[in-house]
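First comes the structure, then the notes that go with it.
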Amino acid sequence: MARRPTIKDIARQAGVSESAVSFALNDRPGVSHDTRARIRRVAEELGWQPNSAARALSGERSGAVGLVLARPAHTLGVESFFLQLVSGIQEVLSAARTALLFQVVEDIDAECAVYRRWWAERRVDGVLVVDPRTSDPRPALLAGLALPAVTIGEALFPDVGAAAGPGGQTGPAPAPAPAPSAARPASLSSVRADDTGAMAQVLEHLYGLGHRRIVHVAGLPGLAHTVRRMESLRAEAARRGLGPDQVRSVVTDYSDAEGAAATRRVLAEPDPPTALVYDNDVMAVAGSAVAAELGIPVPGRLSIVAWDDSALCRVTHPRLTALVRDTAGFGRLAAEELLAVLAGSLPGVRISERPRLEPRESTAPPPAHT
């Protein structure tokens with residue numbers, strides 16, 4: 001195994017003392033400009049990198065940020081959302097030469113334990129927090145640890161949307177932050193999403209086509225965005241005179257298996273829905289397959305909408321109507337905000353681009369007799 005180059009190796013090849021190498025590599029005075037340049041050139045030639053653990057013990061930055069997912073592991077390999085999110089995060093961190101420390105755990109308690117360990121070991125300079133919960137212990141924990149953090153996917157409050165302009169959209173610059181909610185202490189940043197407005201688009205589309213029996217096949221019930229989508233669905237349905245016996249939500253774990261099982265259950269009811277809205281692309285494709293197996297034509301007797309657009313939605317027959325959003329851009333916003341805070345900016349709020357509904361062949365008016 002190749003040995004990592006050390007300060008002693010650099011000093012020997014550059015013909016200087018080890019203390020001179022330390023001064024040069026840590027931007028401290030004590031060496032001339034030419035000597036500093038020679039030392040850095042030798043360090044680069046040898047492939048030397050700073051020891052992050054040693055730098056952390058000395059109080060310096062670790063050069064890494066953390067991301068922990070408390071999700072059922074079997075749902076991560078098939079869901080495109082997190083792959084795109086991490087792609088956007090990594091794009092920004094890579095350009096900043098910052099590492100991403102990633103871990104999957106079984107539940108929220110295990111996630112909090114990881115944060116405590118990372119903080120104690122000075123493994124990361126800050127963290128990106130996904131899947132805000134309705135009762136979420138993480139923001140208070142991170143604020144207490146004074147560990148910089150950005151929560152991804154909080155609600156877009158009405159006052160923030162109004163400040164952001166038409167469509168609730170802004171560029172990458174932080175929007176003016178409202179008073180912090182109970183879920184997010186003022187010391188934490190957030191990147192917010194307009195799930196409420198997105199669900200309103202979906203229901204408007206289906207209602208306009210004539211659908212009056214609609215089921216939302218939702219994700220995990222403890223997640224804040226699941227609750228927001230369910231509440232928005234109920235509110236938009238009530239505004240159109242539709243009751244909970246006509247428009248409702250059922251919860252799943254986001255997997256194709258549970259999406260398929262939920263589809264079978266609701267389609268077997270005496271008055272089955274004429275439209276289904278799925279909280280991700282994988283469940284939508286699974287639901288479409290179940291409809292085909294049962295001999296229910298899409299969209300002839302059943303319309304299908306996927307929350308997240310992906311290649312799956314575009315290659316399935318018929319192609320699925322879906323909400324299109326820049327998930328990688330969502331990740332970029334979060335990473336940019338965390339790096340800004342680490343560089344000294346005050347914590348703030350950034351607003352992601354509002355999703356837009358892309359109608360395709362999987363939605364059409366319901367049969368006349370329904």
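Residue numbering restarts at 1 in every chain; chains get A, B, ... in the order shown in the structure tokens, and ligands count up from 1 in that same order.
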**Request:** Could you give me, as a list of chain:residue names, the residues within 9 Å of Tyr278 of chain A, counting only C-alpha atoms and dropping anything in the same chain fewer than 5 positions from it?
**Result:**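 Surrounding residues, per the criterion: A:Val215, A:His216, A:Val217, A:Ala218, A:Gly219, A:Gly259, A:Met283, A:Ala284, A:Gly287, A:Ile304, A:Val305, A:Ala306, A:Trp307, A:Asp308.
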**Among the residues A:Leu338, A:Ala120, A:Ala286, A:Val349, the one that comes closest to Ala149 of chain A [using only C-alpha atoms]** =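 Of A:Leu338, A:Ala120, A:Ala286, A:Val349, the one nearest Ala149 of chain A is A:Leu338, counting only C-alpha atoms.
In this comparison, which uses only C-alpha atoms, the residue of A:Arg12, A:Arg71, A:Arg38, A:His317 approaching Leu220 of chain A most closely is A:Arg71.
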**Shell of 12 Å around Leu188 of chain A, only C-alpha atoms, local chain residues under 2 positions omitted, as a ChimeraX atom specification** = /A:126-129,138-152,154,177,180-186,190-191,334,337-338,341-342,345-350
Export N, CA and C atoms of the chosen residues as a tab-separated table (two decimals), in the first residue's frame?
chain	number	residue	atom	x	y	z
A	126	GLY	N	-20.95	21.09	8.87
A	126	GLY	CA	-22.38	21.39	8.88
A	126	GLY	C	-23.12	20.23	8.27
A	127	VAL	N	-24.45	20.28	8.31
A	127	VAL	CA	-25.25	19.17	7.79
A	127	VAL	C	-26.42	19.69	6.97
A	128	LEU	N	-26.86	18.84	6.05
A	128	LEU	CA	-28.07	19.06	5.26
A	128	LEU	C	-29.13	18.11	5.79
A	129	VAL	N	-30.28	18.64	6.16
A	129	VAL	CA	-31.31	17.86	6.84
A	129	VAL	C	-32.51	17.70	5.91
A	138	ARG	N	-34.85	17.35	15.40
A	138	ARG	CA	-33.52	17.64	14.84
A	138	ARG	C	-33.14	19.12	14.85
A	139	PRO	N	-34.04	20.05	14.47
A	139	PRO	CA	-33.62	21.45	14.48
A	139	PRO	C	-33.15	21.93	15.85
A	140	ALA	N	-33.89	21.59	16.92
A	140	ALA	CA	-33.48	22.01	18.26
A	140	ALA	C	-32.16	21.37	18.65
A	141	LEU	N	-31.96	20.10	18.29
A	141	LEU	CA	-30.71	19.42	18.60
A	141	LEU	C	-29.54	20.11	17.92
A	142	LEU	N	-29.68	20.38	16.62
A	142	LEU	CA	-28.59	20.99	15.86
A	142	LEU	C	-28.30	22.41	16.34
A	143	ALA	N	-29.35	23.14	16.70
A	143	ALA	CA	-29.15	24.49	17.24
A	143	ALA	C	-28.41	24.41	18.56
A	144	GLY	N	-28.75	23.43	19.40
A	144	GLY	CA	-28.08	23.27	20.67
A	144	GLY	C	-26.62	22.89	20.52
A	145	LEU	N	-26.31	22.11	19.49
A	145	LEU	CA	-24.92	21.74	19.22
A	145	LEU	C	-24.15	22.85	18.52
A	146	ALA	N	-24.88	23.87	18.06
A	146	ALA	CA	-24.27	24.94	17.25
A	146	ALA	C	-23.63	24.37	16.00
A	147	LEU	N	-24.27	23.35	15.45
A	147	LEU	CA	-23.80	22.73	14.20
A	147	LEU	C	-24.59	23.35	13.05
A	148	PRO	N	-23.95	24.10	12.15
A	148	PRO	CA	-24.67	24.74	11.04
A	148	PRO	C	-25.47	23.72	10.24
A	149	ALA	N	-26.70	24.09	9.88
A	149	ALA	CA	-27.56	23.14	9.18
A	149	ALA	C	-28.51	23.87	8.25
A	150	VAL	N	-28.90	23.16	7.20
A	150	VAL	CA	-29.92	23.63	6.26
A	150	VAL	C	-30.98	22.55	6.17
A	151	THR	N	-32.22	22.88	6.51
A	151	THR	CA	-33.31	21.92	6.35
A	151	THR	C	-33.86	22.04	4.93
A	152	ILE	N	-34.08	20.91	4.30
A	152	ILE	CA	-34.51	20.87	2.90
A	152	ILE	C	-35.95	20.39	2.83
A	154	GLU	N	-38.89	22.42	3.76
A	154	GLU	CA	-39.88	23.01	4.65
A	154	GLU	C	-40.99	23.64	3.84
A	177	ALA	N	-36.29	36.26	5.37
A	177	ALA	CA	-36.82	35.19	6.20
A	177	ALA	C	-37.97	35.68	7.05
A	180	PRO	N	-39.10	32.77	12.57
A	180	PRO	CA	-38.85	31.33	12.57
A	180	PRO	C	-40.03	30.57	13.15
A	181	SER	N	-40.31	29.41	12.56
A	181	SER	CA	-41.38	28.57	13.07
A	181	SER	C	-40.87	27.75	14.24
A	182	ALA	N	-41.80	27.07	14.89
A	182	ALA	CA	-41.39	26.23	16.01
A	182	ALA	C	-40.49	25.10	15.54
A	183	ALA	N	-40.63	24.72	14.26
A	183	ALA	CA	-39.84	23.59	13.75
A	183	ALA	C	-38.42	24.00	13.39
A	184	ARG	N	-38.18	25.30	13.17
A	184	ARG	CA	-36.86	25.72	12.72
A	184	ARG	C	-36.37	26.89	13.56
A	185	PRO	N	-35.41	26.68	14.48
A	185	PRO	CA	-34.85	27.80	15.21
A	185	PRO	C	-34.22	28.81	14.28
A	186	ALA	N	-34.13	30.06	14.73
A	186	ALA	CA	-33.61	31.13	13.88
A	186	ALA	C	-32.16	30.89	13.47
A	190	SER	N	-33.00	27.25	5.78
A	190	SER	CA	-33.91	26.29	5.15
A	190	SER	C	-34.05	26.58	3.67
A	191	VAL	N	-34.36	25.53	2.92
A	191	VAL	CA	-34.74	25.64	1.52
A	191	VAL	C	-36.17	25.14	1.45
A	334	ALA	N	-29.61	24.13	-1.57
A	334	ALA	CA	-29.30	23.74	-0.20
A	334	ALA	C	-27.79	23.77	0.06
A	337	GLU	N	-26.51	27.35	0.19
A	337	GLU	CA	-26.87	28.01	1.44
A	337	GLU	C	-25.97	27.56	2.58
A	338	LEU	N	-25.70	26.26	2.67
A	338	LEU	CA	-24.84	25.78	3.75
A	338	LEU	C	-23.42	26.32	3.61
A	341	VAL	N	-23.34	29.91	4.79
A	341	VAL	CA	-23.34	30.02	6.25
A	341	VAL	C	-21.97	29.67	6.81
A	342	LEU	N	-21.34	28.65	6.27
A	342	LEU	CA	-20.01	28.26	6.74
A	342	LEU	C	-18.97	29.35	6.44
A	345	SER	N	-22.04	33.91	6.40
A	345	SER	CA	-23.33	34.55	6.19
A	345	SER	C	-24.31	34.15	7.29
A	346	LEU	N	-25.30	35.02	7.53
A	346	LEU	CA	-26.34	34.70	8.49
A	346	LEU	C	-27.27	33.64	7.91
A	347	PRO	N	-27.82	32.76	8.75
A	347	PRO	CA	-28.77	31.76	8.25
A	347	PRO	C	-29.97	32.44	7.61
A	348	GLY	N	-30.50	31.83	6.56
A	348	GLY	CA	-31.62	32.43	5.85
A	348	GLY	C	-32.52	31.40	5.22
A	349	VAL	N	-33.40	31.87	4.37
A	349	VAL	CA	-34.38	31.03	3.70
A	349	VAL	C	-34.20	31.17	2.19
A	350	ARG	N	-34.15	30.06	1.50
A	350	ARG	CA	-34.13	30.07	0.04
A	350	ARG	C	-35.36	29.32	-0.46
**Request:** Could you give me the residues within segment 90-309 of chain A that DSSP places in helix (DSSP H, G or I), as a VMD selection string?
**Result:** chain A and resid 90 to 95 108 to 121 138 to 145 158 to 164 166 to 168 195 to 209 224 to 239 256 to 267 281 to 293
**Item:** 12 Å contact set for segment 97-109 of chain A, only C-alpha atoms, chain neighbours under 3 positions out, as number ranges by chain
**Value:** A: 49, 52, 61-77, 82, 86-94, 112-116, 118, 123-133, 135-139, 141, 222-223, 335-336, 338-339, 342
**Message:** Quick check, in Å to one decimal: how far apart do atom CA of Thr6 of chain A and atom CA of Ser19 of chain A lie?
**Reply:**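 Calculated distance between atom CA of Thr6 of chain A and atom CA of Ser19 of chain A is 12.6 Å.
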**Complete:** From the list A:Leu242, A:Ala289, A:Val277, A:Val202, the nearest residue to Asp256 of chain A using only C-alpha atoms is A:Ala289
